[in-house]
$ cat my_file.cif   # mmCIF, C-alpha atoms
data_start
#
loop_
_atom_site.group_PDB
_atom_site.id
_atom_site.type_symbol
_atom_site.label_atom_id
_atom_site.label_comp_id
_atom_site.auth_asym_id
_atom_site.auth_seq_id
_atom_site.Cartn_x
_atom_site.Cartn_y
_atom_site.Cartn_z
ATOM 1 C CA MET A 1 -5.574 -130.053 1.648
ATOM 2 C CA TYR A 2 -8.131 -128.120 -0.379
ATOM 3 C CA PRO A 3 -6.977 -125.782 -3.137
ATOM 4 C CA ASP A 4 -7.828 -122.095 -2.800
ATOM 5 C CA PRO A 5 -11.455 -121.508 -3.897
ATOM 6 C CA LYS A 6 -10.552 -117.947 -4.866
ATOM 7 C CA ALA A 7 -8.357 -119.383 -7.620
ATOM 8 C CA ILE A 8 -11.505 -120.737 -9.307
ATOM 9 C CA ILE A 9 -13.005 -117.269 -9.626
ATOM 10 C CA LEU A 10 -9.653 -115.874 -10.782
ATOM 11 C CA ASN A 11 -9.415 -118.570 -13.478
ATOM 12 C CA VAL A 12 -12.921 -117.813 -14.774
ATOM 13 C CA LEU A 13 -12.055 -114.098 -14.865
ATOM 14 C CA ASP A 14 -8.932 -114.969 -16.881
ATOM 15 C CA ILE A 15 -11.000 -116.973 -19.370
ATOM 16 C CA ILE A 16 -13.493 -114.143 -19.932
ATOM 17 C CA GLY A 17 -10.742 -111.558 -20.357
ATOM 18 C CA TYR A 18 -11.560 -109.512 -17.247
ATOM 19 C CA GLU A 19 -9.050 -106.678 -17.169
ATOM 20 C CA ASP A 20 -9.838 -104.849 -13.925
ATOM 21 C CA ASP A 21 -8.622 -105.929 -10.483
ATOM 22 C CA LYS A 22 -9.357 -109.663 -10.509
ATOM 23 C CA LYS A 23 -8.282 -110.148 -6.902
ATOM 24 C CA THR A 24 -10.766 -107.573 -5.621
ATOM 25 C CA TYR A 25 -13.493 -109.182 -7.696
ATOM 26 C CA ALA A 26 -12.687 -112.654 -6.315
ATOM 27 C CA ASP A 27 -12.541 -111.339 -2.717
ATOM 28 C CA THR A 28 -15.919 -109.641 -3.121
ATOM 29 C CA PHE A 29 -17.359 -112.828 -4.610
ATOM 30 C CA MET A 30 -16.162 -114.830 -1.581
ATOM 31 C CA GLN A 31 -17.578 -112.232 0.799
ATOM 32 C CA LEU A 32 -20.867 -112.430 -1.000
ATOM 33 C CA CYS A 33 -20.941 -116.232 -0.567
ATOM 34 C CA ARG A 34 -20.174 -115.894 3.162
ATOM 35 C CA LYS A 35 -22.797 -113.199 3.678
ATOM 36 C CA GLN A 36 -25.449 -115.247 1.886
ATOM 37 C CA ALA A 37 -24.465 -118.321 3.926
ATOM 38 C CA LEU A 38 -24.746 -116.430 7.226
ATOM 39 C CA ILE A 39 -28.144 -115.020 6.332
ATOM 40 C CA ALA A 40 -29.372 -118.500 5.405
ATOM 41 C CA ALA A 41 -27.873 -120.108 8.535
ATOM 42 C CA ILE A 42 -29.375 -117.460 10.833
ATOM 43 C CA GLN A 43 -32.748 -117.608 9.135
ATOM 44 C CA SER A 44 -32.822 -121.374 9.593
ATOM 45 C CA LEU A 45 -32.646 -120.915 13.389
ATOM 46 C CA PRO A 46 -35.847 -120.892 15.446
ATOM 47 C CA ARG A 47 -37.101 -117.345 16.006
ATOM 48 C CA HIS A 48 -36.358 -117.299 19.743
ATOM 49 C CA GLN A 49 -32.741 -118.282 19.033
ATOM 50 C CA GLN A 50 -32.413 -115.557 16.397
ATOM 51 C CA GLU A 51 -33.616 -112.982 18.918
ATOM 52 C CA ALA A 52 -31.350 -114.258 21.687
ATOM 53 C CA CYS A 53 -28.324 -114.282 19.355
ATOM 54 C CA SER A 54 -29.079 -110.754 18.155
ATOM 55 C CA LYS A 55 -29.391 -109.457 21.731
ATOM 56 C CA GLU A 56 -26.094 -111.014 22.754
ATOM 57 C CA LEU A 57 -24.298 -109.608 19.719
ATOM 58 C CA MET A 58 -25.532 -106.097 20.455
ATOM 59 C CA GLN A 59 -24.159 -106.239 23.982
ATOM 60 C CA THR A 60 -20.530 -106.480 22.932
ATOM 61 C CA SER A 61 -18.213 -104.626 20.571
ATOM 62 C CA ASP A 62 -15.392 -107.149 20.781
ATOM 63 C CA GLU A 63 -15.026 -108.980 17.447
ATOM 64 C CA GLN A 64 -13.712 -112.204 18.954
ATOM 65 C CA GLU A 65 -16.544 -112.342 21.427
ATOM 66 C CA LYS A 66 -19.081 -111.706 18.670
ATOM 67 C CA SER A 67 -17.614 -114.537 16.693
ATOM 68 C CA ASN A 68 -17.875 -116.838 19.722
ATOM 69 C CA ILE A 69 -21.520 -115.860 20.218
ATOM 70 C CA LEU A 70 -22.337 -116.670 16.614
ATOM 71 C CA ALA A 71 -20.534 -120.025 16.824
ATOM 72 C CA LYS A 72 -22.680 -120.848 19.863
ATOM 73 C CA TYR A 73 -25.851 -120.604 17.783
ATOM 74 C CA ILE A 74 -24.687 -121.829 14.382
ATOM 75 C CA THR A 75 -23.023 -125.232 14.356
ATOM 76 C CA PRO A 76 -20.105 -125.930 11.978
ATOM 77 C CA ARG A 77 -22.368 -128.372 10.140
ATOM 78 C CA GLN A 78 -25.091 -125.738 9.613
ATOM 79 C CA TYR A 79 -22.543 -123.193 8.438
ATOM 80 C CA GLN A 80 -20.875 -125.672 6.085
ATOM 81 C CA HIS A 81 -24.214 -126.626 4.546
ATOM 82 C CA ALA A 82 -25.278 -122.994 4.125
ATOM 83 C CA LEU A 83 -21.945 -121.951 2.623
ATOM 84 C CA GLN A 84 -21.916 -124.856 0.181
ATOM 85 C CA ASN A 85 -25.432 -123.962 -1.003
ATOM 86 C CA ALA A 86 -24.578 -120.269 -1.318
ATOM 87 C CA ALA A 87 -21.386 -121.006 -3.271
ATOM 88 C CA GLN A 88 -23.211 -123.417 -5.585
ATOM 89 C CA THR A 89 -26.028 -120.973 -6.326
ATOM 90 C CA LEU A 90 -23.773 -117.966 -6.840
ATOM 91 C CA PHE A 91 -21.273 -119.806 -9.023
ATOM 92 C CA SER A 92 -24.035 -121.316 -11.203
ATOM 93 C CA GLU A 93 -25.672 -117.905 -11.628
ATOM 94 C CA PHE A 94 -22.293 -116.353 -12.382
ATOM 95 C CA ILE A 95 -21.572 -118.841 -15.178
ATOM 96 C CA LYS A 96 -25.151 -118.665 -16.477
ATOM 97 C CA THR A 97 -24.796 -114.875 -16.777
ATOM 98 C CA LEU A 98 -21.480 -115.124 -18.596
ATOM 99 C CA ILE A 99 -22.255 -117.858 -21.155
ATOM 100 C CA PRO A 100 -24.368 -115.782 -23.575
ATOM 101 C CA THR A 101 -21.683 -113.080 -23.712
ATOM 102 C CA LEU A 102 -18.734 -115.351 -24.589
ATOM 103 C CA SER A 103 -16.987 -115.831 -27.915
ATOM 104 C CA PRO A 104 -16.742 -119.425 -29.276
ATOM 105 C CA GLU A 105 -13.092 -119.606 -28.133
ATOM 106 C CA GLN A 106 -13.966 -118.408 -24.629
ATOM 107 C CA LEU A 107 -16.851 -120.879 -24.495
ATOM 108 C CA THR A 108 -14.492 -123.734 -25.376
ATOM 109 C CA SER A 109 -12.013 -122.638 -22.688
ATOM 110 C CA LEU A 110 -14.768 -122.281 -20.113
ATOM 111 C CA GLN A 111 -16.209 -125.677 -20.926
ATOM 112 C CA THR A 112 -12.786 -127.327 -20.648
ATOM 113 C CA TYR A 113 -12.225 -125.585 -17.322
ATOM 114 C CA LEU A 114 -15.643 -126.569 -15.942
ATOM 115 C CA ASP A 115 -15.022 -130.184 -16.987
ATOM 116 C CA ALA A 116 -11.686 -130.169 -15.154
ATOM 117 C CA LEU A 117 -13.207 -128.504 -12.101
ATOM 118 C CA THR A 118 -15.963 -131.093 -11.888
ATOM 119 C CA GLN A 119 -13.387 -133.888 -11.908
ATOM 120 C CA GLN A 120 -11.379 -132.230 -9.111
ATOM 121 C CA GLN A 121 -14.365 -132.107 -6.785
ATOM 122 C CA PRO A 122 -13.179 -132.914 -3.248
ATOM 123 C CA PRO A 123 -15.001 -135.650 -1.349
ATOM 124 C CA PRO A 124 -17.793 -134.357 0.894
ATOM 125 C CA SER A 125 -16.489 -133.958 4.444
ATOM 126 C CA MET B 1 -53.753 -128.561 -43.455
ATOM 127 C CA ALA B 2 -54.442 -125.532 -41.276
ATOM 128 C CA GLN B 3 -54.034 -122.222 -43.036
ATOM 129 C CA LEU B 4 -51.539 -119.863 -41.458
ATOM 130 C CA PRO B 5 -52.908 -116.373 -40.861
ATOM 131 C CA GLU B 6 -51.813 -114.018 -43.554
ATOM 132 C CA ARG B 7 -49.132 -111.544 -42.507
ATOM 133 C CA SER B 8 -49.096 -108.062 -43.880
ATOM 134 C CA GLN B 9 -46.145 -106.709 -45.783
ATOM 135 C CA PHE B 10 -45.646 -104.314 -42.863
ATOM 136 C CA GLN B 11 -45.336 -107.209 -40.369
ATOM 137 C CA ILE B 12 -42.843 -109.059 -42.525
ATOM 138 C CA GLN B 13 -40.772 -105.928 -42.951
ATOM 139 C CA ALA B 14 -40.832 -105.227 -39.184
ATOM 140 C CA GLU B 15 -39.678 -108.778 -38.416
ATOM 141 C CA GLY B 16 -36.830 -108.426 -40.879
ATOM 142 C CA GLU B 17 -35.751 -105.169 -39.295
ATOM 143 C CA ASN B 18 -35.835 -106.769 -35.857
ATOM 144 C CA LEU B 19 -33.469 -109.444 -37.105
ATOM 145 C CA LEU B 20 -31.127 -106.816 -38.495
ATOM 146 C CA HIS B 21 -31.180 -104.801 -35.285
ATOM 147 C CA THR B 22 -30.309 -107.541 -32.807
ATOM 148 C CA PRO B 23 -28.951 -105.841 -29.666
ATOM 149 C CA GLU B 24 -25.184 -105.836 -29.489
ATOM 150 C CA LYS B 25 -23.649 -108.638 -27.442
ATOM 151 C CA LYS B 26 -22.568 -107.510 -23.993
ATOM 152 C CA HIS B 27 -18.876 -107.808 -23.099
ATOM 153 C CA PRO B 28 -18.304 -110.649 -20.588
ATOM 154 C CA ALA B 29 -16.374 -108.386 -18.188
ATOM 155 C CA LYS B 30 -19.305 -105.965 -18.108
ATOM 156 C CA ALA B 31 -21.717 -108.840 -17.508
ATOM 157 C CA ALA B 32 -19.502 -110.090 -14.659
ATOM 158 C CA LYS B 33 -19.455 -106.657 -13.010
ATOM 159 C CA GLU B 34 -23.209 -106.252 -13.333
ATOM 160 C CA PHE B 35 -23.736 -109.726 -11.887
ATOM 161 C CA LEU B 36 -21.681 -108.968 -8.777
ATOM 162 C CA ARG B 37 -23.240 -105.538 -8.250
ATOM 163 C CA SER B 38 -26.752 -106.914 -8.555
ATOM 164 C CA PHE B 39 -26.130 -109.785 -6.091
ATOM 165 C CA LEU B 40 -24.417 -107.467 -3.600
ATOM 166 C CA ASN B 41 -27.403 -105.125 -3.713
ATOM 167 C CA ASP B 42 -29.825 -108.022 -3.186
ATOM 168 C CA THR B 43 -27.805 -109.369 -0.255
ATOM 169 C CA ASN B 44 -27.481 -105.983 1.410
ATOM 170 C CA GLU B 45 -31.209 -105.467 1.009
ATOM 171 C CA ARG B 46 -31.855 -108.779 2.729
ATOM 172 C CA ILE B 47 -29.532 -107.803 5.562
ATOM 173 C CA ALA B 48 -31.197 -104.397 5.852
ATOM 174 C CA LEU B 49 -34.555 -106.144 6.150
ATOM 175 C CA MET B 50 -33.157 -108.221 9.013
ATOM 176 C CA GLY B 51 -31.986 -105.012 10.666
ATOM 177 C CA ALA B 52 -35.476 -103.574 10.367
ATOM 178 C CA SER B 53 -36.806 -106.446 12.451
ATOM 179 C CA ALA B 54 -35.621 -107.561 15.887
ATOM 180 C CA PHE B 55 -32.258 -108.782 14.631
ATOM 181 C CA THR B 56 -30.334 -105.540 14.418
ATOM 182 C CA GLY B 57 -27.328 -107.120 16.124
ATOM 183 C CA ILE B 58 -27.009 -109.910 13.577
ATOM 184 C CA ALA B 59 -27.650 -107.638 10.603
ATOM 185 C CA SER B 60 -25.062 -105.027 11.544
ATOM 186 C CA TYR B 61 -22.586 -107.762 12.276
ATOM 187 C CA ILE B 62 -22.990 -109.427 8.878
ATOM 188 C CA LEU B 63 -22.814 -106.066 7.137
ATOM 189 C CA ALA B 64 -19.635 -105.117 8.959
ATOM 190 C CA ASN B 65 -17.777 -108.351 8.394
ATOM 191 C CA ALA B 66 -18.674 -111.238 6.119
ATOM 192 C CA SER B 67 -16.144 -113.556 7.795
ATOM 193 C CA VAL B 68 -17.822 -113.347 11.178
ATOM 194 C CA TYR B 69 -17.996 -117.103 11.456
ATOM 195 C CA LYS B 70 -14.477 -118.070 12.472
ATOM 196 C CA ASP B 71 -13.379 -121.094 10.578
ATOM 197 C CA PRO B 72 -10.485 -122.707 12.428
ATOM 198 C CA THR B 73 -11.052 -126.155 10.903
ATOM 199 C CA GLY B 74 -11.187 -124.900 7.328
ATOM 200 C CA ILE B 75 -14.717 -126.149 6.745
ATOM 201 C CA GLY B 76 -15.504 -122.912 4.952
ATOM 202 C CA VAL B 77 -12.841 -123.499 2.324
ATOM 203 C CA GLY B 78 -14.056 -127.057 1.741
ATOM 204 C CA ALA B 79 -17.675 -125.928 1.520
ATOM 205 C CA LEU B 80 -16.794 -123.236 -1.020
ATOM 206 C CA MET B 81 -14.826 -125.719 -3.131
ATOM 207 C CA ILE B 82 -17.654 -128.258 -3.121
ATOM 208 C CA GLY B 83 -20.213 -125.549 -3.853
ATOM 209 C CA PHE B 84 -18.229 -124.252 -6.828
ATOM 210 C CA ALA B 85 -17.614 -127.756 -8.157
ATOM 211 C CA VAL B 86 -21.306 -128.680 -7.922
ATOM 212 C CA GLY B 87 -22.175 -125.379 -9.614
ATOM 213 C CA ALA B 88 -19.629 -126.163 -12.343
ATOM 214 C CA GLU B 89 -21.188 -129.592 -12.859
ATOM 215 C CA ALA B 90 -24.595 -127.975 -13.258
ATOM 216 C CA MET B 91 -23.293 -125.452 -15.778
ATOM 217 C CA ARG B 92 -20.904 -127.436 -17.934
ATOM 218 C CA MET B 93 -23.645 -128.955 -20.107
ATOM 219 C CA ARG B 94 -25.089 -125.470 -20.626
ATOM 220 C CA ALA B 95 -21.665 -124.265 -21.788
ATOM 221 C CA TYR B 96 -21.378 -127.302 -24.037
ATOM 222 C CA HIS B 97 -24.762 -126.771 -25.693
ATOM 223 C CA SER B 98 -24.045 -123.060 -26.151
ATOM 224 C CA ARG B 99 -20.770 -123.912 -27.836
ATOM 225 C CA LEU B 100 -22.490 -126.363 -30.210
ATOM 226 C CA ALA B 101 -25.185 -123.829 -31.035
ATOM 227 C CA SER B 102 -22.539 -121.196 -31.658
ATOM 228 C CA GLN B 103 -20.610 -123.584 -33.931
ATOM 229 C CA SER B 104 -23.776 -124.414 -35.849
ATOM 230 C CA ARG B 105 -24.503 -120.716 -36.373
ATOM 231 C CA GLN B 106 -20.967 -120.155 -37.626
ATOM 232 C CA GLU B 107 -21.294 -123.026 -40.078
ATOM 233 C CA GLY B 108 -24.625 -121.620 -41.233
ATOM 234 C CA VAL B 109 -26.532 -124.604 -39.956
ATOM 235 C CA THR B 110 -29.959 -123.702 -38.641
ATOM 236 C CA ASP B 111 -31.808 -125.652 -35.983
ATOM 237 C CA GLN B 112 -34.448 -126.574 -38.551
ATOM 238 C CA SER B 113 -32.038 -128.066 -41.060
ATOM 239 C CA TYR B 114 -29.912 -129.908 -38.503
ATOM 240 C CA PRO B 115 -31.556 -130.386 -35.134
ATOM 241 C CA LEU B 116 -29.223 -130.828 -32.154
ATOM 242 C CA SER B 117 -30.360 -134.344 -31.379
ATOM 243 C CA GLU B 118 -28.728 -136.357 -28.592
ATOM 244 C CA GLU B 119 -27.078 -138.488 -31.288
ATOM 245 C CA TYR B 120 -25.663 -135.453 -33.042
ATOM 246 C CA ILE B 121 -24.391 -133.970 -29.774
ATOM 247 C CA ALA B 122 -22.767 -137.257 -28.764
ATOM 248 C CA SER B 123 -21.176 -137.684 -32.191
ATOM 249 C CA ALA B 124 -19.828 -134.128 -32.197
ATOM 250 C CA HIS B 125 -18.360 -134.815 -28.767
ATOM 251 C CA GLY B 126 -16.460 -137.784 -30.184
ATOM 252 C CA THR B 127 -18.136 -140.322 -27.952
ATOM 253 C CA MET B 128 -19.938 -142.183 -30.699
ATOM 254 C CA PRO B 129 -18.262 -144.351 -33.314
ATOM 255 C CA THR B 130 -18.496 -143.013 -36.871
ATOM 256 C CA ALA B 131 -20.312 -146.106 -38.100
ATOM 257 C CA SER B 132 -23.316 -145.331 -35.946
ATOM 258 C CA TYR B 133 -23.932 -141.883 -37.457
ATOM 259 C CA PRO B 134 -27.229 -142.075 -39.273
ATOM 260 C CA HIS B 135 -25.855 -139.799 -41.956
ATOM 261 C CA SER B 136 -22.648 -141.805 -42.302
ATOM 262 C CA SER B 137 -24.400 -145.113 -42.743
ATOM 263 C CA GLU B 138 -26.597 -143.550 -45.411
ATOM 264 C CA GLN B 139 -23.542 -142.114 -47.108
ATOM 265 C CA THR B 140 -21.789 -145.495 -46.921
ATOM 266 C CA ARG B 141 -24.757 -147.229 -48.489
ATOM 267 C CA TYR B 142 -24.903 -144.571 -51.188
ATOM 268 C CA ARG B 143 -21.159 -144.931 -51.902
ATOM 269 C CA GLU B 144 -21.410 -148.740 -52.015
ATOM 270 C CA TYR B 145 -24.349 -148.458 -54.356
ATOM 271 C CA ASN B 146 -22.459 -146.042 -56.628
ATOM 272 C CA GLU B 147 -19.313 -148.146 -56.623
ATOM 273 C CA GLY B 148 -21.348 -151.201 -57.427
ATOM 274 C CA TYR B 149 -23.085 -149.324 -60.204
ATOM 275 C CA ARG B 150 -19.770 -148.119 -61.669
ATOM 276 C CA GLY B 151 -18.418 -151.672 -61.380
ATOM 277 C CA ASN B 152 -21.208 -152.871 -63.652
ATOM 278 C CA GLU B 153 -20.403 -150.309 -66.323
#
$ encode --input "my_file.cif" --output "structure tokens"
Amino acid sequence: MYPDPKAIILNVLDIIGYEDDKKTYADTFMQLCRKQALIAAIQSLPRHQQEACSKELMQTSDEQEKSNILAKYITPRQYQHALQNAAQTLFSEFIKTLIPTLSPEQLTSLQTYLDALTQQQPPPS
Amino acid sequence: MAQLPERSQFQIQAEGENLLHTPEKKHPAKAAKEFLRSFLNDTNERIALMGASAFTGIASYILANASVYKDPTGIGVGALMIGFAVGAEAMRMRAYHSRLASQSRQEGVTDQSYPLSEEYIASAHGTMPTASYPHSSEQTRYREYNEGYRGNE
């Protein structure tokens, strides 16, 4: 079983001494990854499929049905690929933004954590 | 040898003042907040652009709920974990180099006097035996020479 990806963001926030609501930050970060992944997955569809999917979605207000419509157009494989790319890009940019602001002690902690995280990488499914 | 263009006293003074007035380092928490805000704005702009075209249904749906793609098999969690780990792999060398540069600055070592060569980085990381340090072998030779010299006295 995979560990909780949110814990990774929470750990980085701990290292940098983030004092506000870490959980809200991590939730927003995850949402951002999912939004980016959906945009990318939808934009990778042929234009006629994008239009058809959009039309179908507008015809219903039921959340479950909307989700089923989306799953009809975006395969699990496409979604997985898009989400992995979005998570990779956002996490890299996140760390890149933080590095110049860190103290030497924080940099050491971050480096140790990144090393450990790289070794824990789950096998591609 | 090529002659460097002469710099006026005013230029030299201005450069010195620039060095003294380096902008204050941003707090990491502030940088983290700004990062998230900026990416959220960019993403929402992209979604708004989709809404402006024929894909209003998709755009409003993504805006309303980021978890629209139901994930009963947990592929989303796996994809996030792999994405973060690959991102971490890409960034860990950057963190490492930043740490070395920061250490060098603290020790008063400038890039010119002690370049961060691959050998130096590897040695500082503890992956290279002491005997292979270029500086160490020179020091060893110097010590042997001195000891030999003293032995002859």
$ resolve_selection --input "my_file.cif" --expression "the PyMOL selection byres ((chain B) within 8 of (chain A))" --output "ChimeraX atom specification"
/B:25-29,31-32,35-36,39-40,43,47,54-58,61-63,66-70,75-92,94-96,98-99,102-103
$ atom_distance --input "my_file.cif" --atom1 "atom CA of A:Asp14" --atom2 "atom CA of B:Arg105"
25.6 Å
$ atom_distance --input "my_file.cif" --atom1 "atom CA of B:Leu49" --atom2 "atom CA of A:Tyr73"
20.5 Å
$ axis_aligned_box --input "my_file.cif" --around "stretch 22-32 of chain A" --padding-each-side "4 Å" --output "JSON"
{"center_x": -14.6, "center_y": -111.2, "center_z": -4.9, "size_x": 20.6, "size_y": 15.3, "size_z": 19.3}
